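Coordinates as given in my_file.csv (CSV, C-alpha atoms):
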chain,number,residue,atom,x,y,z
A,291,MET,CA,50.7,-92.8,135.3
A,292,ASP,CA,53.9,-94.9,135.0
A,293,ILE,CA,54.5,-93.7,131.5
A,294,VAL,CA,54.5,-90.0,132.6
A,295,ASN,CA,56.9,-90.8,135.5
A,296,ASP,CA,59.1,-92.8,133.1
A,297,ILE,CA,59.3,-89.9,130.7
A,298,LYS,CA,60.1,-87.5,133.5
A,299,GLN,CA,62.9,-89.7,134.8
A,300,THR,CA,64.3,-90.2,131.4
A,301,PHE,CA,64.3,-86.5,130.7
A,302,LYS,CA,65.8,-85.7,134.1
A,303,ASN,CA,68.5,-88.4,134.0
A,304,GLY,CA,69.1,-88.6,130.2
A,305,SER,CA,71.8,-87.0,128.1
A,306,VAL,CA,71.6,-83.6,126.4
A,307,LEU,CA,70.8,-85.5,123.2
A,308,THR,CA,67.8,-87.3,124.8
A,309,ARG,CA,66.5,-84.0,126.2
A,310,LEU,CA,66.8,-82.3,122.8
A,311,ILE,CA,64.8,-85.1,121.2
A,312,TYR,CA,62.2,-85.0,123.9
A,313,ILE,CA,61.8,-81.2,123.5
A,314,ASN,CA,61.3,-81.5,119.8
A,315,ILE,CA,58.7,-84.2,120.2
A,316,ALA,CA,56.9,-82.3,123.0
A,317,VAL,CA,56.7,-79.1,121.0
A,318,PHE,CA,55.4,-81.0,118.0
A,319,LEU,CA,52.6,-82.7,120.1
A,320,PHE,CA,51.7,-79.4,121.8
A,321,VAL,CA,51.4,-77.5,118.5
A,322,LYS,CA,49.3,-80.3,116.9
A,323,ILE,CA,47.0,-80.8,119.8
A,324,ALA,CA,46.5,-77.0,120.2
A,325,GLY,CA,45.6,-77.0,116.5
A,326,VAL,CA,42.8,-79.4,117.1
A,327,PHE,CA,41.3,-77.1,119.8
A,328,PHE,CA,41.6,-74.1,117.5
A,329,TYR,CA,39.9,-76.0,114.7
A,330,LEU,CA,37.0,-77.2,116.9
A,331,ALA,CA,36.5,-73.6,118.2
A,332,GLY,CA,36.4,-72.3,114.6
A,333,GLN,CA,39.3,-69.9,115.3
A,334,PRO,CA,42.3,-69.1,113.0
A,335,TYR,CA,45.4,-71.0,114.0
A,336,PHE,CA,48.4,-68.7,114.5
A,337,LEU,CA,50.8,-70.8,116.6
A,338,VAL,CA,53.0,-72.1,113.8
A,339,ASP,CA,53.5,-68.6,112.3
A,340,TRP,CA,54.0,-67.2,115.8
A,341,LEU,CA,56.9,-69.6,116.5
A,342,SER,CA,58.6,-69.6,113.0
A,343,VAL,CA,61.2,-67.2,111.7
A,344,PRO,CA,59.7,-64.7,109.2
A,345,SER,CA,61.8,-63.6,106.3
A,346,ASN,CA,60.5,-60.1,106.7
A,347,THR,CA,62.8,-58.1,109.0
A,348,ASN,CA,60.0,-55.8,110.3
A,349,GLU,CA,58.0,-58.9,111.3
A,350,LEU,CA,61.1,-60.5,112.8
A,351,ILE,CA,61.7,-57.5,115.0
A,352,SER,CA,58.2,-58.0,116.5
A,353,LYS,CA,58.9,-61.7,117.1
A,354,PRO,CA,62.4,-61.7,118.5
A,355,TRP,CA,61.9,-65.2,120.1
A,356,THR,CA,61.5,-67.0,116.7
A,357,PRO,CA,65.2,-67.6,115.9
A,358,VAL,CA,65.2,-69.9,119.0
A,359,THR,CA,61.7,-71.4,118.9
A,360,TYR,CA,61.8,-72.3,115.2
A,361,MET,CA,64.5,-74.9,115.7
A,362,PHE,CA,62.2,-77.0,117.8
A,363,LEU,CA,59.1,-76.6,115.6
A,364,HIS,CA,58.1,-79.0,112.8
A,365,ALA,CA,55.3,-78.8,110.2
A,366,GLY,CA,54.4,-82.5,110.0
A,367,PHE,CA,55.4,-86.0,111.3
A,368,ILE,CA,57.7,-86.9,108.5
A,369,HIS,CA,59.5,-83.5,108.9
A,370,LEU,CA,59.9,-84.3,112.6
A,371,LEU,CA,60.9,-87.9,112.0
A,372,PHE,CA,63.8,-87.2,109.6
A,373,ASN,CA,65.2,-84.4,111.8
A,374,ILE,CA,65.0,-86.5,115.0
A,375,LEU,CA,66.7,-89.5,113.3
A,376,GLY,CA,69.4,-87.2,111.9
A,377,LEU,CA,69.9,-85.6,115.3
A,378,TYR,CA,70.1,-89.0,117.0
A,379,TRP,CA,72.6,-90.6,114.6
A,380,PHE,CA,74.9,-87.6,114.2
A,381,GLY,CA,74.5,-86.6,117.9
A,382,LYS,CA,75.6,-90.0,119.0
A,383,LEU,CA,78.7,-89.7,116.8
A,384,PHE,CA,79.4,-86.3,118.2
A,385,LEU,CA,79.1,-87.5,121.8
A,386,TYR,CA,81.8,-90.1,121.1
A,387,HIS,CA,84.4,-87.3,121.3
A,388,LEU,CA,82.8,-84.3,123.0
A,389,GLU,CA,80.5,-83.7,126.0
A,390,GLY,CA,76.9,-82.9,126.0
A,391,ASP,CA,77.3,-79.2,126.8
A,392,LYS,CA,79.1,-78.7,123.5
A,393,LEU,CA,76.4,-80.6,121.6
A,394,LEU,CA,73.8,-78.2,123.1
A,395,GLY,CA,75.9,-75.2,122.2
A,396,ILE,CA,76.3,-76.4,118.6
A,397,TYR,CA,72.6,-77.2,118.3
A,398,ILE,CA,71.4,-73.8,119.4
A,399,LEU,CA,74.1,-71.7,117.8
A,400,GLY,CA,73.9,-73.7,114.6
A,401,GLY,CA,70.2,-73.1,114.5
A,402,LEU,CA,70.8,-69.4,115.1
A,403,ALA,CA,73.3,-69.3,112.3
A,404,GLY,CA,70.9,-71.0,110.0
A,405,ALA,CA,68.2,-68.4,110.8
A,406,ALA,CA,70.6,-65.5,110.3
A,407,LEU,CA,71.7,-66.7,106.8
A,408,TYR,CA,68.1,-67.4,105.9
A,409,VAL,CA,66.9,-63.8,106.8
A,410,PHE,CA,70.0,-62.3,105.2
A,411,ALA,CA,69.4,-64.2,101.9
A,412,TYR,CA,65.7,-63.2,101.7
A,413,ASN,CA,66.6,-59.6,102.2
A,414,VAL,CA,69.7,-59.3,99.9
A,415,ILE,CA,69.3,-61.9,97.1
A,416,PRO,CA,67.1,-60.2,94.4
A,417,VAL,CA,65.2,-63.4,93.4
A,418,LEU,CA,64.2,-64.0,97.0
A,419,LYS,CA,63.6,-60.4,98.2
A,420,ASN,CA,59.9,-60.3,97.3
A,421,ASP,CA,59.0,-63.6,98.9
A,422,ASN,CA,57.4,-63.6,102.4
A,423,SER,CA,58.1,-67.0,103.9
A,424,ILE,CA,58.7,-68.6,107.2
A,425,LEU,CA,61.4,-70.9,108.5
A,426,LEU,CA,60.9,-73.8,110.9
A,427,GLY,CA,62.5,-77.1,111.8
A,428,ALA,CA,65.6,-78.5,113.4
A,429,SER,CA,67.5,-79.3,110.2
A,430,ALA,CA,69.9,-76.3,110.4
A,431,SER,CA,70.9,-77.4,113.9
A,432,VAL,CA,71.2,-81.1,112.7
A,433,PHE,CA,73.5,-79.9,109.9
A,434,ALA,CA,75.7,-78.1,112.5
A,435,VAL,CA,76.0,-81.3,114.5
A,436,LEU,CA,76.8,-83.4,111.4
A,437,VAL,CA,79.5,-81.0,110.0
A,438,ALA,CA,81.0,-80.5,113.5
A,439,GLY,CA,81.3,-84.3,113.9
A,440,ALA,CA,82.6,-84.8,110.4
A,441,PHE,CA,85.2,-82.0,110.8
A,442,TYR,CA,86.3,-83.4,114.2
A,443,ASP,CA,86.5,-87.0,113.1
A,444,PRO,CA,86.4,-87.0,109.3
A,445,ASP,CA,87.5,-90.6,108.7
A,446,ARG,CA,85.0,-92.3,111.0
A,447,GLU,CA,83.1,-94.9,109.1
A,448,ILE,CA,79.3,-95.1,109.4
A,449,MET,CA,76.8,-97.6,108.0
A,450,LEU,CA,73.9,-96.1,106.0
A,451,PRO,CA,70.9,-98.4,105.6
A,452,LEU,CA,70.5,-99.9,102.1
A,453,VAL,CA,73.6,-98.0,100.9
A,454,GLY,CA,76.7,-99.2,102.6
A,455,THR,CA,79.7,-97.9,104.7
A,456,PHE,CA,81.0,-94.3,104.1
A,457,LYS,CA,83.4,-92.0,105.9
A,458,LEU,CA,81.6,-89.3,107.8
A,459,LYS,CA,83.3,-86.5,105.8
A,460,TYR,CA,81.7,-87.8,102.6
A,461,VAL,CA,78.3,-88.0,104.2
A,462,ALA,CA,78.6,-84.3,105.3
A,463,ILE,CA,79.8,-83.2,101.8
A,464,PHE,CA,76.9,-85.1,100.2
A,465,TYR,CA,74.3,-83.4,102.4
A,466,ILE,CA,75.9,-80.0,101.9
A,467,LEU,CA,75.9,-80.4,98.1
A,468,LEU,CA,72.3,-81.6,98.3
A,469,SER,CA,71.4,-78.4,100.1
A,470,VAL,CA,73.2,-76.2,97.6
A,471,ILE,CA,71.3,-77.9,94.7
A,472,GLY,CA,68.1,-77.6,96.6
A,473,ILE,CA,68.2,-73.8,96.8
A,474,SER,CA,66.6,-73.7,93.4
A,475,SER,CA,63.8,-76.0,94.5
A,476,THR,CA,60.6,-75.1,96.4
A,477,ASN,CA,62.5,-75.1,99.7
A,478,ALA,CA,65.1,-72.4,99.1
A,479,GLY,CA,64.9,-71.0,102.6
A,480,GLY,CA,65.3,-74.4,104.3
A,481,ASN,CA,68.4,-75.3,102.2
A,482,ILE,CA,70.0,-71.9,102.8
A,483,ALA,CA,69.5,-72.4,106.6
A,484,HIS,CA,71.2,-75.8,106.2
A,485,LEU,CA,74.3,-74.1,104.9
A,486,GLY,CA,74.2,-71.6,107.8
A,487,GLY,CA,74.1,-74.5,110.3
A,488,ALA,CA,76.8,-76.4,108.4
A,489,PHE,CA,79.1,-73.3,108.5
A,490,TRP,CA,78.7,-72.9,112.2
A,491,GLY,CA,79.5,-76.6,112.8
A,492,TRP,CA,82.8,-76.2,110.9
A,493,PHE,CA,83.6,-72.9,112.5
A,494,TYR,CA,82.9,-74.2,116.0
A,495,ILE,CA,85.3,-77.1,115.7
A,496,TYR,CA,87.9,-74.9,114.0
A,497,GLN,CA,87.8,-72.5,116.9
A,498,LEU,CA,87.7,-75.4,119.5
A,499,ARG,CA,91.0,-76.7,118.1
A,500,LYS,CA,92.5,-73.3,118.8
A,501,GLY,CA,91.3,-73.6,122.4
A,502,LYS,CA,88.2,-71.4,122.0
A,503,ASP,CA,84.8,-72.8,123.0
A,504,MET,CA,82.4,-70.5,121.1
A,505,GLY,CA,79.4,-72.0,123.0
A,506,ALA,CA,80.8,-71.8,126.5
A,507,GLY,CA,79.1,-68.4,127.3
A,508,LEU,CA,75.7,-69.6,126.0
A,509,ILE,CA,75.9,-72.8,128.1
A,510,MET,CA,76.8,-70.8,131.2
A,511,PHE,CA,73.8,-68.5,130.6
A,512,ILE,CA,71.5,-71.5,130.1
A,513,ASN,CA,72.8,-73.3,133.2
A,514,ASP,CA,72.3,-70.1,135.2
A,515,ILE,CA,68.7,-69.7,134.0
A,516,ALA,CA,68.0,-73.4,134.7
A,517,GLY,CA,69.4,-73.1,138.2
A,518,LYS,CA,67.3,-70.1,139.0
A,519,LEU,CA,64.1,-71.8,137.6
A,520,ALA,CA,64.9,-74.9,139.6
A,521,LYS,CA,65.1,-72.9,142.8
A,522,LEU,CA,61.9,-71.0,142.0
A,523,LEU,CA,59.9,-74.2,141.2
A,524,LYS,CA,61.3,-76.3,144.1
A,525,PRO,CA,58.7,-76.8,146.7
A,526,LYS,CA,59.5,-75.2,150.1
A,527,SER,CA,60.2,-77.5,152.9
A,528,HIS,CA,58.2,-77.0,156.1
A,529,LEU,CA,60.9,-78.8,158.2
A,530,THR,CA,63.1,-76.6,160.5
A,531,VAL,CA,66.7,-77.5,161.1
A,532,SER,CA,68.4,-76.5,164.3
A,533,HIS,CA,72.1,-76.5,164.9
A,534,LYS,CA,73.5,-76.9,168.4
A,535,LYS,CA,76.9,-75.6,169.3
A,536,PRO,CA,79.2,-78.3,170.6
A,537,PRO,CA,80.2,-78.0,174.3
A,538,ARG,CA,83.3,-75.9,174.9
A,539,ASP,CA,84.8,-78.1,177.6
A,540,ASP,CA,84.3,-81.1,179.8
A,541,TYR,CA,82.4,-79.1,182.4
A,542,GLU,CA,79.9,-77.8,179.8
A,543,TYR,CA,79.6,-81.3,178.4
A,544,ASN,CA,78.7,-82.8,181.7
A,545,ARG,CA,76.3,-80.0,182.5
A,546,GLN,CA,74.4,-80.6,179.2
A,547,LYS,CA,74.3,-84.4,179.8
A,548,ASN,CA,72.9,-84.0,183.4
A,549,SER,CA,70.3,-81.5,182.2
A,550,GLN,CA,69.2,-83.9,179.5
A,551,GLN,CA,69.1,-86.8,181.9
A,552,ASP,CA,66.9,-84.7,184.2
A,553,GLU,CA,64.4,-84.2,181.4
A,554,ILE,CA,64.4,-87.9,180.6
A,555,ASN,CA,63.7,-88.8,184.2
A,556,HIS,CA,60.9,-86.2,184.4
A,557,ILE,CA,59.3,-87.8,181.2
A,558,LEU,CA,59.6,-91.3,182.7
A,559,ASP,CA,58.0,-90.2,185.9
A,560,LYS,CA,55.2,-88.6,183.9
A,561,ILE,CA,54.6,-91.8,182.0
A,562,ALA,CA,54.5,-93.8,185.2
A,563,LYS,CA,51.9,-91.5,186.7
A,564,SER,CA,49.7,-90.6,183.7
A,565,GLY,CA,50.7,-92.9,180.8
A,566,TYR,CA,52.4,-92.3,177.5
A,567,ASP,CA,49.5,-90.4,176.0
A,568,SER,CA,49.9,-87.6,178.6
A,569,LEU,CA,53.3,-86.6,177.0
A,570,SER,CA,53.5,-83.5,174.8
A,571,SER,CA,54.8,-83.9,171.2
A,572,LYS,CA,58.1,-82.3,172.2
A,573,GLU,CA,58.5,-84.8,175.1
A,574,LYS,CA,57.7,-87.7,172.8
A,575,GLU,CA,60.3,-86.5,170.3
A,576,LEU,CA,62.9,-86.2,173.0
A,577,LEU,CA,62.1,-89.7,174.3
A,578,PHE,CA,62.3,-91.1,170.7
A,579,LYS,CA,65.7,-89.5,170.1
A,580,GLN,CA,67.0,-90.8,173.4
A,581,GLY,CA,65.8,-94.3,172.5
A,582,LYS,CA,67.8,-94.3,169.2
A,583,LYS,CA,71.1,-93.6,171.0
Starting from the coordinates I provided, produce the structure as structure tokens.
Amino acid sequence: MDIVNDIKQTFKNGSVLTRLIYINIAVFLFVKIAGVFFYLAGQPYFLVDWLSVPSNTNELISKPWTPVTYMFLHAGFIHLLFNILGLYWFGKLFLYHLEGDKLLGIYILGGLAGAALYVFAYNVIPVLKNDNSILLGASASVFAVLVAGAFYDPDREIMLPLVGTFKLKYVAIFYILLSVIGISSTNAGGNIAHLGGAFWGWFYIYQLRKGKDMGAGLIMFINDIAGKLAKLLKPKSHLTVSHKKPPRDDYEYNRQKNSQQDEINHILDKIAKSGYDSLSSKEKELLFKQGKK
């Protein structure tokens, strides 16, 4: 289908921002479609819990992949939509100044920082210690991108629909304050994770200005894994390539030319006697190469 090929080409040739958005959408669709099959089969659905970060440390140890998978997982369409829009807007602003590898590093490490602060809070703060909850969504990563962009270019003005024009630093401060206030609401864990992501966004740019790219090691690791997977999944070619050594002197050159001409004469004689169809595949190939010269 053309739409599938278009998506493949866009993902392959698109920016890091485009790929992050595609991955978030793909995970959402996969989880929701899988849920339909589980429902029709009358089986309990475990995939969301299996990919989300648990607040319980013992459970977290048994699911070490969740601090990565949770940042691509969303509970519903509105949850996905707002995170994708935030990632797109603030990601575009970030890419005005910095390259895509840094955006990927901030997204992943910001998400990890959000998960770390979330788990820490639910195991240290008394009012939260008895709650068994899960964390999912890209919002901590989006906060990291937002604060990184705001700290790097604080006075950049952006237009907010139905509100007006504001400097990026004020937008970041507003969302951080909103998250602080929201800790006492029903989504304490999510708002705590926002603050973890926001801290990493600030810390990353702070270190970058000192000449330290805190995400460089992660990007090298990801590129290395991606390169190995690409080689592994690349279909093997059945073509064989031969390399001939160039003649060492004029005598050797003339000898090779005469030998080749003898082969061509033999092939032409064979065609004259028995026709073209009597040639072997190797003889046909040699004749074809000679004709292209």
Q | Selection near stretch 397-403 of chain A, 7 Å with all atoms listed in the file, sequence-local residues under 2 positions removed, as a list in words | A | Pro357, Val358, Met361, Leu393, Leu394, Gly395, Ala405, Ala406, Leu407, Ala430, Ser431, Val432, Ala434, Val435, Gly486, Gly487, Trp490 and Gly491 of chain A
Enumerate, in order of chain and increasing residue number, the residues of stretch 363-432 of chain A with an atom no farther than 9 Å from stretch 319-337 of chain A, each with its shortest atom pair and distance in Å to one decimal, counting all atoms listed in the file, as JSON lines.
{"residue": "A:Leu363", "atom": "CA", "partner": "A:Val321", "partner_atom": "CA", "distance": 8.3}
{"residue": "A:His364", "atom": "CA", "partner": "A:Val321", "partner_atom": "CA", "distance": 8.9}
{"residue": "A:Gly366", "atom": "CA", "partner": "A:Lys322", "partner_atom": "CA", "distance": 8.9}
**Q.** atom CA of A:Asn422 to atom CA of A:Phe367, distance in Å rounded to a single decimal
**A.**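 It comes out at 24.2 Å.
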Q. Residues around (90.0, -85.1, 113.5), cut-off 12 Å, counting all atoms listed in the file - what are they as a list in words?
A.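 Checked against the point, the hits come out as Phe384, His387, Leu388, Val437, Ala438, Gly439, Ala440, Phe441, Tyr442, Asp443, Pro444, Asp445, Arg446, Leu458, Lys459, Trp492, Ile495, Tyr496, Leu498 and Arg499 of chain A.
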Q: May I ask for the distance between atom CA of A:His484 and atom CA of A:Ser429, given in Å to one decimal place?
A: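 A separation of 6.5 Å between them.
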